[in-house]
$ cat query.cif   # mmCIF, C-alpha atoms
data_start
loop_
_atom_site.group_PDB
_atom_site.id
_atom_site.type_symbol
_atom_site.label_atom_id
_atom_site.label_comp_id
_atom_site.auth_asym_id
_atom_site.auth_seq_id
_atom_site.Cartn_x
_atom_site.Cartn_y
_atom_site.Cartn_z
ATOM 1 C CA MET A 1 79.590 273.988 -137.444
ATOM 2 C CA ALA A 2 82.834 272.130 -137.973
ATOM 3 C CA ASN A 3 86.039 274.074 -138.566
ATOM 4 C CA ILE A 4 88.146 272.297 -141.155
ATOM 5 C CA GLN A 5 91.302 272.911 -139.124
ATOM 6 C CA SER A 6 89.820 271.099 -136.116
ATOM 7 C CA LEU A 7 87.871 268.433 -137.976
ATOM 8 C CA ASP A 8 88.500 265.061 -136.328
ATOM 9 C CA PRO A 9 88.483 262.300 -138.991
ATOM 10 C CA THR A 10 87.839 259.676 -136.300
ATOM 11 C CA ALA A 11 84.676 261.372 -135.007
ATOM 12 C CA SER A 12 82.266 259.921 -137.570
ATOM 13 C CA PRO A 13 82.093 258.635 -141.146
ATOM 14 C CA LEU A 14 80.917 262.099 -142.236
ATOM 15 C CA ASP A 15 83.895 263.780 -140.542
ATOM 16 C CA TYR A 16 86.292 261.324 -142.144
ATOM 17 C CA TYR A 17 84.726 261.898 -145.564
ATOM 18 C CA GLY A 18 85.126 265.682 -145.252
ATOM 19 C CA TRP A 19 88.675 265.392 -143.955
ATOM 20 C CA GLU A 20 89.685 262.977 -146.736
ATOM 21 C CA LEU A 21 88.010 265.095 -149.419
ATOM 22 C CA ARG A 22 90.031 268.119 -148.351
ATOM 23 C CA ARG A 23 93.233 266.075 -148.162
ATOM 24 C CA GLN A 24 92.770 264.601 -151.631
ATOM 25 C CA ARG A 25 91.751 267.944 -153.156
ATOM 26 C CA GLU A 26 94.793 269.727 -151.763
ATOM 27 C CA ALA A 27 97.079 266.862 -152.812
ATOM 28 C CA HIS A 28 95.920 267.531 -156.384
ATOM 29 C CA GLY A 29 96.589 271.269 -155.991
ATOM 30 C CA LEU A 30 92.955 272.239 -156.443
ATOM 31 C CA LYS A 31 90.944 274.952 -154.746
ATOM 32 C CA GLN A 32 87.347 274.217 -153.798
ATOM 33 C CA GLY A 33 86.008 276.189 -156.757
ATOM 34 C CA GLN A 34 88.341 274.409 -159.170
ATOM 35 C CA LEU A 35 87.199 270.988 -158.006
ATOM 36 C CA GLY A 36 83.611 272.211 -158.189
ATOM 37 C CA ASP A 37 84.094 273.222 -161.814
ATOM 38 C CA ILE A 38 85.446 269.772 -162.656
ATOM 39 C CA ILE A 39 82.577 267.871 -161.028
ATOM 40 C CA PHE A 40 79.843 270.340 -162.047
ATOM 41 C CA CYS A 41 78.952 271.812 -158.680
ATOM 42 C CA THR A 42 79.817 274.960 -156.739
ATOM 43 C CA GLY A 43 82.961 275.455 -154.700
ATOM 44 C CA SER A 44 80.636 276.355 -151.844
ATOM 45 C CA LEU A 45 79.134 272.859 -151.925
ATOM 46 C CA VAL A 46 82.602 271.303 -151.849
ATOM 47 C CA GLY A 47 83.416 273.463 -148.831
ATOM 48 C CA GLN A 48 80.188 272.555 -147.047
ATOM 49 C CA ILE A 49 80.890 268.849 -147.500
ATOM 50 C CA GLU A 50 84.488 269.259 -146.347
ATOM 51 C CA THR A 51 83.236 270.896 -143.149
ATOM 52 C CA THR A 52 80.341 268.410 -142.637
ATOM 53 C CA LYS A 53 77.723 271.122 -143.090
ATOM 54 C CA LYS A 54 76.314 269.164 -146.020
ATOM 55 C CA VAL A 55 75.916 265.415 -146.501
ATOM 56 C CA PRO A 56 77.444 264.207 -149.800
ATOM 57 C CA THR A 57 75.462 262.166 -152.299
ATOM 58 C CA ARG A 58 76.481 259.027 -154.160
ATOM 59 C CA ASP A 59 76.566 260.982 -157.430
ATOM 60 C CA PHE A 60 78.904 263.575 -155.881
ATOM 61 C CA SER A 61 81.160 260.789 -154.596
ATOM 62 C CA GLU A 62 81.389 259.076 -157.961
ATOM 63 C CA ARG A 63 82.244 262.388 -159.647
ATOM 64 C CA VAL A 64 84.990 263.084 -157.094
ATOM 65 C CA ASP A 65 86.465 259.615 -157.621
ATOM 66 C CA ALA A 66 86.531 260.188 -161.371
ATOM 67 C CA ALA A 67 88.012 263.683 -161.041
ATOM 68 C CA LEU A 68 90.711 262.836 -158.506
ATOM 69 C CA GLY A 69 91.432 259.269 -159.606
ATOM 70 C CA THR A 70 90.846 257.953 -156.103
ATOM 71 C CA ASP A 71 90.000 254.401 -157.214
ATOM 72 C CA GLY A 72 86.452 254.363 -155.817
ATOM 73 C CA LEU A 73 87.441 255.608 -152.352
ATOM 74 C CA PHE A 74 84.574 258.078 -151.967
ATOM 75 C CA SER A 75 82.091 255.733 -153.639
ATOM 76 C CA ARG A 76 82.934 253.181 -150.952
ATOM 77 C CA LEU A 77 82.828 255.719 -148.122
ATOM 78 C CA ILE A 78 79.438 257.115 -149.077
ATOM 79 C CA GLY A 79 77.577 254.005 -147.959
ATOM 80 C CA LEU A 80 79.016 254.355 -144.449
ATOM 81 C CA VAL A 81 78.351 258.091 -144.429
ATOM 82 C CA LEU A 82 74.711 257.765 -145.440
ATOM 83 C CA ARG A 83 74.062 254.909 -143.018
ATOM 84 C CA SER A 84 75.441 257.090 -140.234
ATOM 85 C CA GLN A 85 72.721 259.651 -141.029
ATOM 86 C CA LEU A 86 70.012 257.219 -139.986
ATOM 87 C CA PRO A 87 68.655 257.572 -136.441
ATOM 88 C CA THR A 88 71.035 255.880 -134.005
ATOM 89 C CA TRP A 89 68.384 253.408 -132.888
ATOM 90 C CA PHE A 90 67.707 252.407 -136.520
ATOM 91 C CA GLN A 91 71.299 251.840 -137.621
ATOM 92 C CA PRO A 92 71.615 248.274 -136.213
ATOM 93 C CA TYR A 93 68.504 247.264 -138.155
ATOM 94 C CA ALA A 94 69.828 248.792 -141.383
ATOM 95 C CA GLU A 95 73.072 246.851 -140.958
ATOM 96 C CA MET A 96 71.190 243.575 -140.482
ATOM 97 C CA GLU A 97 68.813 244.342 -143.346
ATOM 98 C CA ALA A 98 71.833 244.729 -145.636
ATOM 99 C CA LYS A 99 73.059 241.253 -144.620
ATOM 100 C CA ALA A 100 69.723 239.417 -144.742
ATOM 101 C CA ALA A 101 69.182 236.530 -147.149
ATOM 102 C CA TYR A 102 65.393 236.529 -146.641
ATOM 103 C CA ILE A 103 63.088 239.323 -145.462
ATOM 104 C CA SER A 104 59.401 239.001 -144.691
ATOM 105 C CA THR A 105 57.532 242.063 -143.487
ATOM 106 C CA TYR A 106 54.001 243.151 -142.662
ATOM 107 C CA GLN A 107 53.371 246.892 -142.915
ATOM 108 C CA ALA A 108 50.161 248.297 -141.461
ATOM 109 C CA GLN A 109 50.679 252.051 -141.972
ATOM 110 C CA LEU A 110 53.186 252.792 -144.729
ATOM 111 C CA VAL A 111 54.834 251.320 -147.806
ATOM 112 C CA TYR A 112 57.875 249.256 -146.814
ATOM 113 C CA GLY A 113 61.001 251.443 -146.829
ATOM 114 C CA LEU A 114 62.804 249.442 -149.519
ATOM 115 C CA LEU A 115 59.875 250.030 -151.893
ATOM 116 C CA GLN A 116 59.262 253.728 -151.253
ATOM 117 C CA THR A 117 59.736 256.256 -154.031
ATOM 118 C CA GLU A 118 61.922 259.228 -153.165
ATOM 119 C CA GLU A 119 59.005 261.678 -153.069
ATOM 120 C CA TYR A 120 56.885 259.348 -150.911
ATOM 121 C CA ALA A 121 59.830 258.833 -148.546
ATOM 122 C CA ARG A 122 60.374 262.595 -148.363
ATOM 123 C CA ALA A 123 56.761 263.154 -147.313
ATOM 124 C CA VAL A 124 56.958 260.387 -144.700
ATOM 125 C CA LEU A 125 60.239 261.598 -143.204
ATOM 126 C CA ALA A 126 59.079 265.220 -143.113
ATOM 127 C CA THR A 127 56.336 264.313 -140.631
ATOM 128 C CA GLY A 128 59.038 263.862 -137.985
ATOM 129 C CA MET A 129 60.294 267.433 -138.590
ATOM 130 C CA PRO A 130 63.965 266.336 -138.757
ATOM 131 C CA ASP A 131 66.853 268.776 -138.664
ATOM 132 C CA ASP A 132 68.349 267.250 -141.817
ATOM 133 C CA LEU A 133 65.588 265.939 -144.058
ATOM 134 C CA GLU A 134 67.890 265.601 -147.062
ATOM 135 C CA GLY A 135 70.389 263.492 -145.139
ATOM 136 C CA LEU A 136 67.679 261.155 -143.891
ATOM 137 C CA LEU A 137 66.190 260.898 -147.357
ATOM 138 C CA ALA A 138 69.550 260.072 -148.930
ATOM 139 C CA ALA A 139 70.107 257.407 -146.278
ATOM 140 C CA ARG A 140 66.721 255.802 -146.962
ATOM 141 C CA MET A 141 67.375 255.741 -150.695
ATOM 142 C CA GLU A 142 70.798 254.224 -150.039
ATOM 143 C CA ARG A 143 69.144 251.317 -148.210
ATOM 144 C CA GLN A 144 67.384 250.387 -151.429
ATOM 145 C CA ARG A 145 70.685 249.600 -153.141
ATOM 146 C CA ILE A 146 70.518 246.084 -151.723
ATOM 147 C CA LEU A 147 67.769 245.412 -154.291
ATOM 148 C CA GLU A 148 70.239 246.165 -157.088
ATOM 149 C CA ARG A 149 72.626 243.389 -156.147
ATOM 150 C CA GLU A 150 73.135 240.428 -158.436
ATOM 151 C CA ARG A 151 71.589 238.315 -155.667
ATOM 152 C CA PRO A 152 69.419 240.611 -153.525
ATOM 153 C CA PRO A 153 67.597 239.273 -150.465
ATOM 154 C CA LEU A 154 64.454 237.282 -151.180
ATOM 155 C CA ALA A 155 61.741 239.567 -149.801
ATOM 156 C CA TRP A 156 58.040 239.048 -149.183
ATOM 157 C CA VAL A 157 55.956 242.101 -148.313
ATOM 158 C CA VAL A 158 52.390 242.107 -146.993
ATOM 159 C CA LEU A 159 50.816 245.568 -147.016
ATOM 160 C CA ASP A 160 47.581 246.401 -145.258
ATOM 161 C CA GLU A 161 45.096 247.821 -147.768
ATOM 162 C CA ALA A 162 44.955 250.974 -145.645
ATOM 163 C CA VAL A 163 48.485 251.741 -146.875
ATOM 164 C CA LEU A 164 47.156 252.106 -150.419
ATOM 165 C CA HIS A 165 44.427 254.538 -149.396
ATOM 166 C CA ARG A 166 46.476 256.783 -147.087
ATOM 167 C CA PRO A 167 47.365 259.817 -149.304
ATOM 168 C CA ILE A 168 50.966 260.465 -148.306
ATOM 169 C CA GLY A 169 52.336 263.470 -150.184
ATOM 170 C CA GLY A 170 49.274 263.977 -152.378
ATOM 171 C CA HIS A 171 47.562 262.158 -155.227
ATOM 172 C CA GLN A 172 50.358 262.341 -157.786
ATOM 173 C CA VAL A 173 52.906 261.068 -155.274
ATOM 174 C CA MET A 174 50.609 258.188 -154.354
ATOM 175 C CA ARG A 175 49.914 257.292 -157.959
ATOM 176 C CA ARG A 176 53.639 257.036 -158.659
ATOM 177 C CA GLN A 177 54.158 255.098 -155.443
ATOM 178 C CA LEU A 178 51.528 252.528 -156.343
ATOM 179 C CA ALA A 179 53.016 252.281 -159.824
ATOM 180 C CA ARG A 180 56.326 251.511 -158.127
ATOM 181 C CA LEU A 181 54.699 248.639 -156.239
ATOM 182 C CA LEU A 182 53.369 247.246 -159.504
ATOM 183 C CA GLU A 183 56.914 247.058 -160.851
ATOM 184 C CA PHE A 184 57.424 244.146 -158.465
ATOM 185 C CA SER A 185 54.326 242.191 -159.507
ATOM 186 C CA GLY A 186 56.427 239.789 -161.567
ATOM 187 C CA HIS A 187 59.707 240.257 -159.749
ATOM 188 C CA ARG A 188 61.895 237.249 -159.029
ATOM 189 C CA TRP A 189 63.206 238.411 -155.644
ATOM 190 C CA MET A 190 60.414 240.645 -154.328
ATOM 191 C CA GLN A 191 56.765 239.686 -153.887
ATOM 192 C CA VAL A 192 54.010 242.040 -152.729
ATOM 193 C CA GLN A 193 50.664 240.973 -151.276
ATOM 194 C CA VAL A 194 47.847 243.151 -149.967
ATOM 195 C CA LEU A 195 45.839 242.277 -146.888
ATOM 196 C CA PRO A 196 42.326 243.480 -147.865
ATOM 197 C CA ASN A 197 40.038 245.369 -145.542
ATOM 198 C CA GLU A 198 37.582 242.508 -145.887
ATOM 199 C CA ALA A 199 39.989 240.309 -143.911
ATOM 200 C CA GLY A 200 38.714 242.027 -140.770
ATOM 201 C CA ALA A 201 40.446 240.964 -137.553
ATOM 202 C CA HIS A 202 43.790 239.375 -138.380
ATOM 203 C CA ALA A 203 46.961 237.965 -136.844
ATOM 204 C CA SER A 204 48.852 241.256 -136.508
ATOM 205 C CA LEU A 205 46.371 243.868 -135.360
ATOM 206 C CA ALA A 206 49.064 244.948 -132.890
ATOM 207 C CA GLY A 207 51.092 246.431 -135.732
ATOM 208 C CA SER A 208 53.905 246.030 -138.232
ATOM 209 C CA PHE A 209 56.877 243.701 -137.904
ATOM 210 C CA THR A 210 59.756 242.390 -139.991
ATOM 211 C CA ALA A 211 61.471 239.002 -139.883
ATOM 212 C CA MET A 212 64.978 238.531 -141.269
ATOM 213 C CA ARG A 213 66.784 235.302 -142.018
ATOM 214 C CA PHE A 214 70.549 235.057 -142.561
ATOM 215 C CA ASP A 215 72.995 232.590 -144.028
ATOM 216 C CA ASP A 216 75.239 232.531 -140.947
ATOM 217 C CA ASP A 217 73.379 234.343 -138.151
ATOM 218 C CA PRO A 218 70.248 233.647 -136.075
ATOM 219 C CA ASP A 219 66.867 234.852 -137.332
ATOM 220 C CA ILE A 220 65.769 238.273 -136.075
ATOM 221 C CA ILE A 221 62.398 239.933 -135.510
ATOM 222 C CA TYR A 222 62.209 243.716 -135.705
ATOM 223 C CA THR A 223 59.412 245.971 -134.448
ATOM 224 C CA GLU A 224 59.069 249.705 -133.862
ATOM 225 C CA ASP A 225 57.244 251.892 -131.411
ATOM 226 C CA VAL A 226 56.769 255.657 -131.557
ATOM 227 C CA ILE A 227 60.379 256.554 -130.722
ATOM 228 C CA SER A 228 62.609 253.519 -131.276
ATOM 229 C CA GLY A 229 63.075 250.088 -132.817
ATOM 230 C CA HIS A 230 63.560 246.689 -131.210
ATOM 231 C CA MET A 231 65.310 243.556 -132.488
ATOM 232 C CA THR A 232 65.242 240.138 -130.905
ATOM 233 C CA ALA A 233 66.545 236.675 -131.723
ATOM 234 C CA ASN A 234 64.449 235.026 -129.000
ATOM 235 C CA SER A 235 63.373 231.629 -130.355
ATOM 236 C CA GLU A 236 59.849 231.823 -128.913
ATOM 237 C CA THR A 237 59.319 235.245 -130.465
ATOM 238 C CA ILE A 238 60.676 233.988 -133.790
ATOM 239 C CA ARG A 239 58.227 231.064 -133.813
ATOM 240 C CA GLU A 240 55.285 233.268 -132.835
ATOM 241 C CA ALA A 241 56.126 235.794 -135.551
ATOM 242 C CA ALA A 242 56.492 233.045 -138.170
ATOM 243 C CA LEU A 243 53.048 231.694 -137.269
ATOM 244 C CA ARG A 244 51.491 235.154 -137.424
ATOM 245 C CA TYR A 245 53.126 235.867 -140.764
ATOM 246 C CA ALA A 246 51.880 232.596 -142.232
ATOM 247 C CA ARG A 247 48.343 233.549 -141.173
ATOM 248 C CA LEU A 248 48.744 237.025 -142.685
ATOM 249 C CA GLN A 249 49.878 235.559 -146.000
ATOM 250 C CA ALA A 250 46.961 233.141 -145.983
ATOM 251 C CA ALA A 251 44.486 235.993 -145.379
ATOM 252 C CA ALA A 252 46.111 238.289 -147.950
ATOM 253 C CA LEU A 253 45.248 238.408 -151.632
ATOM 254 C CA SER A 254 47.449 236.483 -154.037
ATOM 255 C CA VAL A 255 50.275 238.397 -155.702
ATOM 256 C CA GLU A 256 48.195 238.617 -158.887
ATOM 257 C CA ASP A 257 45.000 239.727 -157.132
ATOM 258 C CA SER A 258 47.023 242.187 -155.043
ATOM 259 C CA ALA A 259 48.336 243.793 -158.237
ATOM 260 C CA GLU A 260 44.772 244.105 -159.534
ATOM 261 C CA LEU A 261 43.683 245.810 -156.310
ATOM 262 C CA ILE A 262 46.634 248.204 -156.467
ATOM 263 C CA ILE A 263 45.698 249.109 -160.043
ATOM 264 C CA ARG A 264 42.075 249.654 -159.054
ATOM 265 C CA VAL A 265 42.989 251.927 -156.134
ATOM 266 C CA MET A 266 45.496 253.798 -158.282
ATOM 267 C CA GLU A 267 42.875 254.520 -160.946
ATOM 268 C CA GLU A 268 39.818 255.096 -158.766
ATOM 269 C CA ARG A 269 41.444 257.019 -155.911
ATOM 270 C CA TYR A 270 44.455 258.648 -157.551
ATOM 271 C CA GLY A 271 43.559 258.620 -161.222
ATOM 272 C CA HIS A 272 42.603 262.290 -161.310
ATOM 273 C CA CYS A 273 45.459 264.446 -160.118
ATOM 274 C CA SER A 274 43.676 267.783 -159.945
ATOM 275 C CA GLN A 275 44.221 268.120 -156.207
ATOM 276 C CA PRO A 276 47.270 270.224 -155.236
ATOM 277 C CA GLU A 277 50.333 268.348 -154.090
ATOM 278 C CA GLU A 278 51.586 268.587 -150.529
ATOM 279 C CA HIS A 279 55.079 270.009 -150.152
ATOM 280 C CA PRO A 280 56.224 269.156 -146.612
ATOM 281 C CA VAL A 281 58.911 271.338 -145.148
ATOM 282 C CA ALA A 282 61.207 270.018 -142.460
#

$ encode --input "query.cif" --output "structure tokens"
Amino acid sequence: MANIQSLDPTASPLDYYGWELRRQREAHGLKQGQLGDIIFCTGSLVGQIETTKKVPTRDFSERVDAALGTDGLFSRLIGLVLRSQLPTWFQPYAEMEAKAAYISTYQAQLVYGLLQTEEYARAVLATGMPDDLEGLLAARMERQRILERERPPLAWVVLDEAVLHRPIGGHQVMRRQLARLLEFSGHRWMQVQVLPNEAGAHASLAGSFTAMRFDDDPDIIYTEDVISGHMTANSETIREAALRYARLQAAALSVEDSAELIIRVMEERYGHCSQPEEHPVA
């Protein structure tokens, strides 16, 4: 537990955020409870964030900026703070993902992270029994902000049909997750295809992978194993991955037929939500 008197603002983005929040609050002559009243939260929460016991949210940051007139300081810091909550091995990928001009990914087990609903992501992350589920969840949701840009990356997602049938979080969670996928059926920047079970043996039986293309940097291929992620810009690997992805796209259903399959699975498998929901606890 961090003591505010010994908090080192250079230790991490979260430490700097807490240190700066305290500095700005005191400069305005406010106690923690007084600031909490202004931004509609408890003084205890303000104190927990100042001492890094709690990870701030984007909404909290925007409220602080408005209350203290800090010209968007905390709204800018929050992106760095939330990215720092990602696993250390994943942070380089998240940084590259945020810079990518074009993303193409094949996902064999789960919905692609940028397309996950918050409740689906919560259920996925809880399986790893993390110490700070809420921090990880906030960081994953923060990644999705790249889709809100005026010019987001052009992204092409191929999902194995098994992803649609795997009941992560329960039937209601899955129904809403599949509905989320359908929101992209006519999207300009994001296209979703499903690789049907009928495709049988295919070009990426070894597992999921993601290719990223940049305006000013070499292409990158990203893969994960059980405990870490791996990025490479090796030209031979890039060519091999591009060939495999082209074969996956050719074997997958069209965007339109993929949407029809998603609808069918949503109605037939998750249409009746009488089963109790799962509530994973970290």

$ resolve_selection --input "query.cif" --expression "the PyMOL selection byres ((chain A and resi 23) around 12)" --output "tab-separated table (two decimals) with C-alpha atoms, in the frame of the given file"
chain	number	residue	atom	x	y	z
A	4	ILE	CA	88.15	272.30	-141.16
A	5	GLN	CA	91.30	272.91	-139.12
A	7	LEU	CA	87.87	268.43	-137.98
A	9	PRO	CA	88.48	262.30	-138.99
A	16	TYR	CA	86.29	261.32	-142.14
A	17	TYR	CA	84.73	261.90	-145.56
A	18	GLY	CA	85.13	265.68	-145.25
A	19	TRP	CA	88.68	265.39	-143.96
A	20	GLU	CA	89.68	262.98	-146.74
A	21	LEU	CA	88.01	265.10	-149.42
A	22	ARG	CA	90.03	268.12	-148.35
A	24	GLN	CA	92.77	264.60	-151.63
A	25	ARG	CA	91.75	267.94	-153.16
A	26	GLU	CA	94.79	269.73	-151.76
A	27	ALA	CA	97.08	266.86	-152.81
A	28	HIS	CA	95.92	267.53	-156.38
A	29	GLY	CA	96.59	271.27	-155.99
A	30	LEU	CA	92.96	272.24	-156.44
A	31	LYS	CA	90.94	274.95	-154.75
A	32	GLN	CA	87.35	274.22	-153.80
A	50	GLU	CA	84.49	269.26	-146.35
A	68	LEU	CA	90.71	262.84	-158.51
A	70	THR	CA	90.85	257.95	-156.10

$ residues_around --input "query.cif" --residues "Gln177 of chain A" --least-positions-apart "3" --cutoff "10 Å" --atoms "only C-alpha atoms" --output "PDB file with C-alpha atoms, in the coordinates of the input"
ATOM      1  CA  VAL A 111      54.834 251.320-147.806  1.00  0.00           C
ATOM      2  CA  LEU A 115      59.875 250.030-151.893  1.00  0.00           C
ATOM      3  CA  GLN A 116      59.262 253.728-151.253  1.00  0.00           C
ATOM      4  CA  THR A 117      59.736 256.256-154.031  1.00  0.00           C
ATOM      5  CA  GLU A 118      61.922 259.228-153.165  1.00  0.00           C
ATOM      6  CA  GLU A 119      59.005 261.678-153.069  1.00  0.00           C
ATOM      7  CA  TYR A 120      56.885 259.348-150.911  1.00  0.00           C
ATOM      8  CA  ALA A 121      59.830 258.833-148.546  1.00  0.00           C
ATOM      9  CA  LEU A 164      47.156 252.106-150.419  1.00  0.00           C
ATOM     10  CA  ILE A 168      50.966 260.465-148.306  1.00  0.00           C
ATOM     11  CA  HIS A 171      47.562 262.158-155.227  1.00  0.00           C
ATOM     12  CA  GLN A 172      50.358 262.341-157.786  1.00  0.00           C
ATOM     13  CA  VAL A 173      52.906 261.068-155.274  1.00  0.00           C
ATOM     14  CA  MET A 174      50.609 258.188-154.354  1.00  0.00           C
ATOM     15  CA  ARG A 180      56.326 251.511-158.127  1.00  0.00           C
ATOM     16  CA  LEU A 181      54.699 248.639-156.239  1.00  0.00           C
ATOM     17  CA  LEU A 182      53.369 247.246-159.504  1.00  0.00           C
ATOM     18  CA  MET A 266      45.496 253.798-158.282  1.00  0.00           C
TER      19      MET A 266
END

$ resolve_selection --input "query.cif" --expression "the PyMOL selection byres ((chain A and resi 249) around 10)" --output "short mmCIF file (atom, residue, chain, number, x, y, z; two decimals) with C-alpha atoms, in the coordinates of the input"
data_model
loop_
_atom_site.label_atom_id
_atom_site.label_comp_id
_atom_site.auth_asym_id
_atom_site.auth_seq_id
_atom_site.Cartn_x
_atom_site.Cartn_y
_atom_site.Cartn_z
CA TYR A 106 54.00 243.15 -142.66
CA TRP A 156 58.04 239.05 -149.18
CA VAL A 157 55.96 242.10 -148.31
CA VAL A 158 52.39 242.11 -146.99
CA GLN A 193 50.66 240.97 -151.28
CA VAL A 194 47.85 243.15 -149.97
CA LEU A 195 45.84 242.28 -146.89
CA ALA A 203 46.96 237.96 -136.84
CA ARG A 244 51.49 235.15 -137.42
CA TYR A 245 53.13 235.87 -140.76
CA ALA A 246 51.88 232.60 -142.23
CA ARG A 247 48.34 233.55 -141.17
CA LEU A 248 48.74 237.02 -142.68
CA ALA A 250 46.96 233.14 -145.98
CA ALA A 251 44.49 235.99 -145.38
CA ALA A 252 46.11 238.29 -147.95
CA LEU A 253 45.25 238.41 -151.63
CA SER A 254 47.45 236.48 -154.04
#

$ residues_near_point --input "query.cif" --point "(57.1, 263.9, -144.5)" --cutoff "12 Å" --atoms "all atoms listed in the file" --output "PyMOL selection string"
chain A and resi 110+118-130+133-134+136-137+167-170+173+278-282

$ atom_distance --input "query.cif" --atom1 "atom CA of Arg213 of chain A" --atom2 "atom CA of His187 of chain A"
19.7 Å

$ residues_around --input "query.cif" --residues "segment 83-93 of chain A" --least-positions-apart "6" --cutoff "12 Å" --atoms "only C-alpha atoms" --output "PyMOL selection string"
chain A and resi 11-17+52+54-57+77+99-100+125+128+130-145+210-212+220-232

$ closest_residue --input "query.cif" --among "A:Glu267, A:Glu148, A:Asp219, A:Glu260" --to "Met96 of chain A" --atoms "all atoms listed in the file"
A:Asp219

$ resolve_selection --input "query.cif" --expression "the PyMOL selection byres ((chain A and resi 264) around 12)" --output "list in words"
Glu161, Leu164, His165, Arg175, Leu178, Ala179, Leu182, Asp257, Ser258, Ala259, Glu260, Leu261, Ile262, Ile263, Val265, Met266, Glu267, Glu268, Arg269, Tyr270 and Gly271 of chain A
